[in-house]
Amino acid sequence: MSSKIRVRFAPSPTGYLHVGGARTALYDYLYAKRFGGEFILRVEDTDQERSTEESMKMQLQDLKWLGLNWDEGVIIKDSDADPAMLTDSEFSEIGEYGPYRQSQRLEIYKKYADQLLESGRAYYCFLTDEEIDAQREQARRENRPPQVNSPYKNMSIDEAKAKLAAGEKAVVRFKTEGLKKDYIIEDLIRGEVKFPSDMVGDFVLLRSNGMPVYNFCCAIDDALMKMTHVLRAEEHLSNTLRQMMIYEALGFDLPKFGHLSIILGPDKQKLSKRHGATSCNEYREKGYLPEAILNYIAMLGWSHPEGKEILSKQELIDNFSLERVNPASAVFDEVKLKWVNASHLRALDHKTLWSLTEPFLKQEGLELPEDPEWQDRSLEVFKTSMETLKDAVDLYKPISSAHFEISEEAKDALSWESTKAVIEAWKQGVSAQPNEFMSQEDFEALQNQVKDTAGVKGKHLFMPIRVAVIGKPHGAELKMLVPLMAKSELLARADRVLAKI
RNA sequence: GUUCCCAUCGUCUAGAGGCCUAGGACGUCGCCCUUUCACGGCGAAGACACGAGUUCAAAUCUCGUUGGGAACGCCA
């Protein structure tokens, strides 16, 4: 009997979702979907100091924006709500293995901690921070691994409980003494990895305030939630040893593990804020498409069997396999991300592309025609110059009626003797146009006409016209811009320039 | 320090002992298209970290060296 594949992504809600997390989530998702399994979202929020519901909401929204839809776990009830304005009731859950927020599973962890305490696999430890620090420092001096050696490991439960009752604080530690020599995992990505069991000391299960700690929750939840595969970042590789010890002590079945390499910055250090944009949300704001981000991060460590590089989410699902995941870490390259984004962008139909671009334009206060036919035509012109949605802002700005101004650089051209005649001839010609919008040919014909009427050529012809159109003597090609500008707009601009002379 | 992981062009990668004179992509450079640009097309430069082994044969297997990374928390 082969049970259904269950894979989870388990973020901790401390800040935004960053690209490394997004890639882990992606691989989790792709693996589940490729083999008809389930993708589960669990929230690891046992660190009360750092976890916030606002972060949790942002992460869920980012995941949703990326299109990494989960089958089970925490969900946001009203996805349009402002993350700053939240209440507990805004979250809900789907799935039968909940709760999916670790902060709401505290009794479960407590129960298993008690079980371990009863069976002698864990003990109360009354060591103070100072004592632990001293031990670690000494271990370091003696070139030993900095592990704690607790004098309380063999204290009876009754004795410990008495101390507790007297108000002393204690953590619950897992007892590593007496375990087998080596633990071996058959890592899905790295092959056999062997850990000596003395690699770790007695580690904390429950903090002195009763809150459980990551490794403990993770092992219990993965077991209870029936995960079949645990795909996560390489930094967890050595945690696997502790988790295996917990699985063993509790008699749980082990899932299969796979450890993904780490994403690096250009300096080969783990990608972090100091490398610039690292959160998905920042890329969203910079005008990147979710499918492009998925496509790019998928290729950081995985390759298509035929070497195809531009892939849709469905193509990613159809071709994903762990065998093609590279164990070596990869450097995040925003330049290539841009290229992937541009490729996806240009493949979009104009209606969709406009609807995605428009918010960026509006955000900058650009005033552009509402006519869909015009929008389509404008994208035909600008699309090949856009790598991100946001690039549209600079492209459209010169033709936005709200942004026309006569720049300082235009002064020189405006001072030429012939300029007034040129612009007047231009204005005349524009008002004589039969249609609201000129074609490229109309514009070229008109330009020649102005040349004849005003009797000038070269820069004395082109620059004044350009100033009359965009207020600057330099910039994008007029034959592309002018056909996108209404006659009335062109006339208004020419008048404003004329008034300056 | 200890343990673990990793190592092909600047970057992402292909490569499962002979198909490798090491392939593709981004970037770079050049040419073409285009009366500018962009898009597109064509082309060039550019890598198996090093050293030993195993083998008739090694980018590929083994060991070592070097380099990089991660973990060693009452963070996850």
# chains A, B, ... in the order shown; residues from 1 in each chain; ligands from 1
$ interface_residues --of "chain B" --to "chain A" --cutoff "10 Å" --atoms "only C-alpha atoms (C1' of nucleotides)" --output "list in words"
G1, U2, U3, C4, C5, C6, A7, U11, C12, U13, A14, G24, A25, C26, G27, U36, C37, A38, C39, G68, G69, A70, A71, C72, G73, C74, C75 and A76 of chain B
$ select_by_dssp --residues "stretch 250-306 of chain A" --states "strand (DSSP E or B)" --output "PyMOL selection string"
chain A and resi 256-260+263-264+270+279+302
$ select_by_dssp --residues "stretch 40-175 of chain A" --states "alpha helix (DSSP H)" --output "NGL selection string"
:A and (53-66 or 106-118 or 129-141 or 157-165)
$ residues_around --residues "A:Leu289" --least-positions-apart "3" --cutoff "12 Å" --atoms "only C-alpha atoms (C1' of nucleotides)" --output "MDAnalysis selection string"
chainID A and resid 65:67 280:286 292:296 312:313 337:348 352:353 356:357 387:390
$ write_last_selection --atoms "N, CA and C atoms" --output "JSON list (two decimals), in the first residue's frame"
[["chain", "number", "residue", "atom", "x", "y", "z"],
["A", 65, "TRP", "N", 0.30, 34.84, -3.65],
["A", 65, "TRP", "CA", 0.64, 35.64, -4.83],
["A", 65, "TRP", "C", 1.50, 34.82, -5.80],
["A", 66, "LEU", "N", 2.42, 34.04, -5.24],
["A", 66, "LEU", "CA", 3.27, 33.21, -6.08],
["A", 66, "LEU", "C", 2.49, 32.07, -6.75],
["A", 67, "GLY", "N", 1.32, 31.80, -6.22],
["A", 67, "GLY", "CA", 0.52, 30.73, -6.79],
["A", 67, "GLY", "C", 0.85, 29.37, -6.22],
["A", 280, "CYS", "N", 10.14, 38.27, -1.49],
["A", 280, "CYS", "CA", 9.26, 38.16, -2.65],
["A", 280, "CYS", "C", 8.46, 39.43, -2.83],
["A", 281, "ASN", "N", 8.08, 39.99, -1.70],
["A", 281, "ASN", "CA", 7.26, 41.19, -1.77],
["A", 281, "ASN", "C", 8.01, 42.34, -2.45],
["A", 282, "GLU", "N", 9.31, 42.43, -2.17],
["A", 282, "GLU", "CA", 10.08, 43.49, -2.82],
["A", 282, "GLU", "C", 10.09, 43.29, -4.33],
["A", 283, "TYR", "N", 10.19, 42.04, -4.74],
["A", 283, "TYR", "CA", 10.20, 41.78, -6.18],
["A", 283, "TYR", "C", 8.83, 42.05, -6.79],
["A", 284, "ARG", "N", 7.81, 41.80, -6.02],
["A", 284, "ARG", "CA", 6.47, 42.12, -6.50],
["A", 284, "ARG", "C", 6.37, 43.62, -6.74],
["A", 285, "GLU", "N", 6.88, 44.38, -5.76],
["A", 285, "GLU", "CA", 6.82, 45.83, -5.88],
["A", 285, "GLU", "C", 7.72, 46.38, -6.98],
["A", 286, "LYS", "N", 8.74, 45.63, -7.30],
["A", 286, "LYS", "CA", 9.63, 46.08, -8.37],
["A", 286, "LYS", "C", 9.10, 45.69, -9.75],
["A", 292, "ALA", "N", 7.45, 34.35, -13.17],
["A", 292, "ALA", "CA", 8.86, 34.54, -13.51],
["A", 292, "ALA", "C", 9.73, 34.23, -12.30],
["A", 293, "ILE", "N", 9.28, 34.65, -11.13],
["A", 293, "ILE", "CA", 10.04, 34.37, -9.92],
["A", 293, "ILE", "C", 10.10, 32.87, -9.67],
["A", 294, "LEU", "N", 8.96, 32.22, -9.82],
["A", 294, "LEU", "CA", 8.90, 30.77, -9.66],
["A", 294, "LEU", "C", 9.87, 30.11, -10.63],
["A", 295, "ASN", "N", 9.79, 30.52, -11.88],
["A", 295, "ASN", "CA", 10.64, 29.98, -12.93],
["A", 295, "ASN", "C", 12.11, 30.15, -12.57],
["A", 296, "TYR", "N", 12.47, 31.36, -12.17],
["A", 296, "TYR", "CA", 13.88, 31.63, -11.88],
["A", 296, "TYR", "C", 14.38, 30.85, -10.66],
["A", 312, "SER", "N", 6.49, 27.53, -17.54],
["A", 312, "SER", "CA", 5.32, 27.93, -16.77],
["A", 312, "SER", "C", 5.26, 27.08, -15.51],
["A", 313, "LYS", "N", 4.39, 27.46, -14.61],
["A", 313, "LYS", "CA", 4.25, 26.69, -13.38],
["A", 313, "LYS", "C", 3.87, 25.25, -13.70],
["A", 337, "LEU", "N", 17.34, 36.91, -13.42],
["A", 337, "LEU", "CA", 15.92, 36.98, -13.01],
["A", 337, "LEU", "C", 15.19, 37.95, -13.92],
["A", 338, "LYS", "N", 15.85, 39.07, -14.20],
["A", 338, "LYS", "CA", 15.26, 40.09, -15.06],
["A", 338, "LYS", "C", 14.98, 39.54, -16.45],
["A", 339, "TRP", "N", 15.90, 38.79, -16.95],
["A", 339, "TRP", "CA", 15.73, 38.21, -18.28],
["A", 339, "TRP", "C", 14.55, 37.23, -18.28],
["A", 340, "VAL", "N", 14.47, 36.42, -17.23],
["A", 340, "VAL", "CA", 13.35, 35.48, -17.13],
["A", 340, "VAL", "C", 12.04, 36.26, -17.06],
["A", 341, "ASN", "N", 12.08, 37.33, -16.27],
["A", 341, "ASN", "CA", 10.87, 38.14, -16.12],
["A", 341, "ASN", "C", 10.45, 38.75, -17.46],
["A", 342, "ALA", "N", 11.45, 39.30, -18.17],
["A", 342, "ALA", "CA", 11.16, 39.91, -19.47],
["A", 342, "ALA", "C", 10.55, 38.88, -20.42],
["A", 343, "SER", "N", 11.06, 37.67, -20.38],
["A", 343, "SER", "CA", 10.54, 36.64, -21.27],
["A", 343, "SER", "C", 9.08, 36.33, -20.96],
["A", 344, "HIS", "N", 8.76, 36.22, -19.68],
["A", 344, "HIS", "CA", 7.38, 35.94, -19.30],
["A", 344, "HIS", "C", 6.47, 37.12, -19.64],
["A", 345, "LEU", "N", 7.01, 38.32, -19.39],
["A", 345, "LEU", "CA", 6.27, 39.55, -19.65],
["A", 345, "LEU", "C", 5.86, 39.64, -21.11],
["A", 346, "ARG", "N", 6.80, 39.38, -21.98],
["A", 346, "ARG", "CA", 6.54, 39.54, -23.42],
["A", 346, "ARG", "C", 5.63, 38.46, -23.96],
["A", 347, "ALA", "N", 5.51, 37.39, -23.23],
["A", 347, "ALA", "CA", 4.64, 36.31, -23.69],
["A", 347, "ALA", "C", 3.18, 36.57, -23.31],
["A", 348, "LEU", "N", 2.96, 37.56, -22.48],
["A", 348, "LEU", "CA", 1.60, 37.85, -22.02],
["A", 348, "LEU", "C", 0.77, 38.55, -23.10],
["A", 352, "THR", "N", -3.92, 41.30, -20.51],
["A", 352, "THR", "CA", -3.39, 40.90, -19.21],
["A", 352, "THR", "C", -2.23, 41.79, -18.81],
["A", 353, "LEU", "N", -1.33, 42.01, -19.75],
["A", 353, "LEU", "CA", -0.17, 42.82, -19.46],
["A", 353, "LEU", "C", -0.57, 44.22, -19.01],
["A", 356, "LEU", "N", -1.83, 44.30, -15.46],
["A", 356, "LEU", "CA", -0.77, 44.18, -14.48],
["A", 356, "LEU", "C", 0.09, 45.44, -14.40],
["A", 357, "THR", "N", 0.21, 46.10, -15.53],
["A", 357, "THR", "CA", 1.06, 47.30, -15.61],
["A", 357, "THR", "C", 0.37, 48.52, -15.02],
["A", 387, "GLU", "N", 11.40, 45.18, -19.03],
["A", 387, "GLU", "CA", 11.87, 43.94, -18.40],
["A", 387, "GLU", "C", 11.02, 43.66, -17.17],
["A", 388, "THR", "N", 10.60, 44.74, -16.51],
["A", 388, "THR", "CA", 9.70, 44.60, -15.37],
["A", 388, "THR", "C", 8.49, 45.47, -15.63],
["A", 389, "LEU", "N", 7.42, 45.22, -14.90],
["A", 389, "LEU", "CA", 6.21, 46.02, -15.06],
["A", 389, "LEU", "C", 6.50, 47.48, -14.75],
["A", 390, "LYS", "N", 7.37, 47.68, -13.78],
["A", 390, "LYS", "CA", 7.67, 49.02, -13.35],
["A", 390, "LYS", "C", 8.42, 49.84, -14.40]]
$ atom_distance --atom1 "atom CA of A:Phe91" --atom2 "atom CA of A:Met227"
22.9 Å
$ atom_distance --atom1 "atom CA of A:Ile317" --atom2 "atom CA of A:Gly37"
11.8 Å
$ closest_residue --among "A:Ile220, A:Ala249, A:Ile399, A:Ile465" --to "A:Lys111" --atoms "only C-alpha atoms"
A:Ile220
$ atom_distance --atom1 "atom CA of A:Gln447" --atom2 "atom CA of A:Ser418"
15.0 Å
$ residues_around --residues "B:C29" --least-positions-apart "3" --cutoff "12 Å" --atoms "only C-alpha atoms (C1' of nucleotides)" --output "ChimeraX atom specification"
/B:43-46
$ write_last_selection --atoms "N, CA, C and O atoms (P, O5', C5', C4', C3', O3' and C1' of nucleotides)" --output "PDB file, in the first residue's frame"
ATOM      1  P     G B  43      25.723  30.681 -35.370  1.00  0.00           P
ATOM      2  O5'   G B  43      26.976  31.563 -34.941  1.00  0.00           O
ATOM      3  C5'   G B  43      28.109  31.636 -35.787  1.00  0.00           C
ATOM      4  C4'   G B  43      29.036  32.722 -35.309  1.00  0.00           C
ATOM      5  C3'   G B  43      29.812  32.470 -34.024  1.00  0.00           C
ATOM      6  O3'   G B  43      30.914  31.606 -34.231  1.00  0.00           O
ATOM      7  C1'   G B  43      29.069  34.711 -34.092  1.00  0.00           C
ATOM      8  P     A B  44      31.585  30.848 -32.985  1.00  0.00           P
ATOM      9  O5'   A B  44      32.375  32.039 -32.281  1.00  0.00           O
ATOM     10  C5'   A B  44      33.500  32.638 -32.938  1.00  0.00           C
ATOM     11  C4'   A B  44      34.075  33.698 -32.028  1.00  0.00           C
ATOM     12  C3'   A B  44      34.490  33.197 -30.652  1.00  0.00           C
ATOM     13  O3'   A B  44      35.782  32.631 -30.705  1.00  0.00           O
ATOM     14  C1'   A B  44      33.265  35.213 -30.439  1.00  0.00           C
ATOM     15  P     A B  45      36.172  31.520 -29.643  1.00  0.00           P
ATOM     16  O5'   A B  45      36.479  32.402 -28.347  1.00  0.00           O
ATOM     17  C5'   A B  45      37.601  33.304 -28.343  1.00  0.00           C
ATOM     18  C4'   A B  45      37.504  34.167 -27.117  1.00  0.00           C
ATOM     19  C3'   A B  45      37.429  33.394 -25.804  1.00  0.00           C
ATOM     20  O3'   A B  45      38.712  33.010 -25.365  1.00  0.00           O
ATOM     21  C1'   A B  45      35.776  35.082 -25.824  1.00  0.00           C
ATOM     22  P     G B  46      38.938  31.542 -24.811  1.00  0.00           P
ATOM     23  O5'   G B  46      38.092  31.542 -23.475  1.00  0.00           O
ATOM     24  C5'   G B  46      38.436  32.437 -22.419  1.00  0.00           C
ATOM     25  C4'   G B  46      37.343  32.380 -21.391  1.00  0.00           C
ATOM     26  C3'   G B  46      36.972  30.957 -20.958  1.00  0.00           C
ATOM     27  O3'   G B  46      37.864  30.470 -19.976  1.00  0.00           O
ATOM     28  C1'   G B  46      34.994  32.194 -21.396  1.00  0.00           C
TER      29        G B  46
END
$ closest_residue --among "B:G10, B:G15, B:C42, B:A22" --to "B:U60" --atoms "only C-alpha atoms (C1' of nucleotides)"
B:G15
$ residues_around --residues "A:Ala468" --least-positions-apart "5" --cutoff "7 Å" --atoms "only C-alpha atoms (C1' of nucleotides)" --output "list of chain:residue names"
A:Ile423, A:Arg493, A:Ala494, A:Val497
$ closest_residue --among "A:Tyr396, A:Tyr123, A:Trp374, A:Phe216" --to "A:Pro483" --atoms "only C-alpha atoms"
A:Trp374
$ residues_around --residues "A:Ala492" --least-positions-apart "6" --cutoff "10 Å" --atoms "only C-alpha atoms (C1' of nucleotides)" --output "PDB file with all heavy atoms, in the first residue's frame"
ATOM      1  N   SER A 401      -0.277  63.104 -19.729  1.00  0.00           N
ATOM      2  CA  SER A 401      -0.617  64.527 -19.736  1.00  0.00           C
ATOM      3  C   SER A 401      -0.304  65.191 -18.404  1.00  0.00           C
ATOM      4  O   SER A 401      -0.066  66.377 -18.333  1.00  0.00           O
ATOM      5  CB  SER A 401      -2.085  64.722 -20.118  1.00  0.00           C
ATOM      6  OG  SER A 401      -2.877  63.734 -19.520  1.00  0.00           O
ATOM      7  N   LYS A 427       2.609  72.924 -35.118  1.00  0.00           N
ATOM      8  CA  LYS A 427       1.278  73.072 -34.551  1.00  0.00           C
ATOM      9  C   LYS A 427       0.215  73.121 -35.655  1.00  0.00           C
ATOM     10  O   LYS A 427      -0.809  72.446 -35.581  1.00  0.00           O
ATOM     11  CB  LYS A 427       1.241  74.350 -33.713  1.00  0.00           C
ATOM     12  CG  LYS A 427       0.021  74.458 -32.820  1.00  0.00           C
ATOM     13  CD  LYS A 427      -0.079  75.811 -32.166  1.00  0.00           C
ATOM     14  CE  LYS A 427      -1.552  76.172 -32.015  1.00  0.00           C
ATOM     15  NZ  LYS A 427      -1.718  77.561 -31.545  1.00  0.00           N
ATOM     16  N   ALA A 468       8.556  70.334 -28.304  1.00  0.00           N
ATOM     17  CA  ALA A 468       7.114  70.600 -28.390  1.00  0.00           C
ATOM     18  C   ALA A 468       6.295  69.376 -28.024  1.00  0.00           C
ATOM     19  O   ALA A 468       5.144  69.479 -27.607  1.00  0.00           O
ATOM     20  CB  ALA A 468       6.750  71.078 -29.786  1.00  0.00           C
ATOM     21  N   VAL A 469       6.882  68.212 -28.166  1.00  0.00           N
ATOM     22  CA  VAL A 469       6.140  66.984 -27.871  1.00  0.00           C
ATOM     23  C   VAL A 469       6.361  66.498 -26.441  1.00  0.00           C
ATOM     24  O   VAL A 469       5.401  66.204 -25.722  1.00  0.00           O
ATOM     25  CB  VAL A 469       6.513  65.857 -28.869  1.00  0.00           C
ATOM     26  CG1 VAL A 469       5.828  64.554 -28.488  1.00  0.00           C
ATOM     27  CG2 VAL A 469       6.112  66.263 -30.286  1.00  0.00           C
ATOM     28  N   LEU A 498       5.244  77.239 -26.989  1.00  0.00           N
ATOM     29  CA  LEU A 498       5.222  78.514 -27.710  1.00  0.00           C
ATOM     30  C   LEU A 498       5.167  79.688 -26.733  1.00  0.00           C
ATOM     31  O   LEU A 498       5.810  80.719 -26.924  1.00  0.00           O
ATOM     32  CB  LEU A 498       3.985  78.541 -28.623  1.00  0.00           C
ATOM     33  CG  LEU A 498       4.162  78.600 -30.158  1.00  0.00           C
ATOM     34  CD1 LEU A 498       5.549  78.189 -30.635  1.00  0.00           C
ATOM     35  CD2 LEU A 498       3.094  77.794 -30.854  1.00  0.00           C
TER      36      LEU A 498
END
$ residues_around --residues "B:U54" --least-positions-apart "4" --cutoff "12 Å" --atoms "only C-alpha atoms (C1' of nucleotides)" --output "PDB file with C-alpha atoms (C1' of nucleotides), in the first residue's frame"
ATOM      1  C1'   G B  17      33.915   6.040 -17.174  1.00  0.00           C
ATOM      2  C1'   A B  58      38.293   9.954 -15.407  1.00  0.00           C
ATOM      3  C1'   C B  61      34.932   6.453  -9.141  1.00  0.00           C
ATOM      4  C1'   U B  62      38.386   6.551  -4.368  1.00  0.00           C
ATOM      5  C1'   C B  63      41.568   9.124  -1.064  1.00  0.00           C
TER       6        C B  63
END
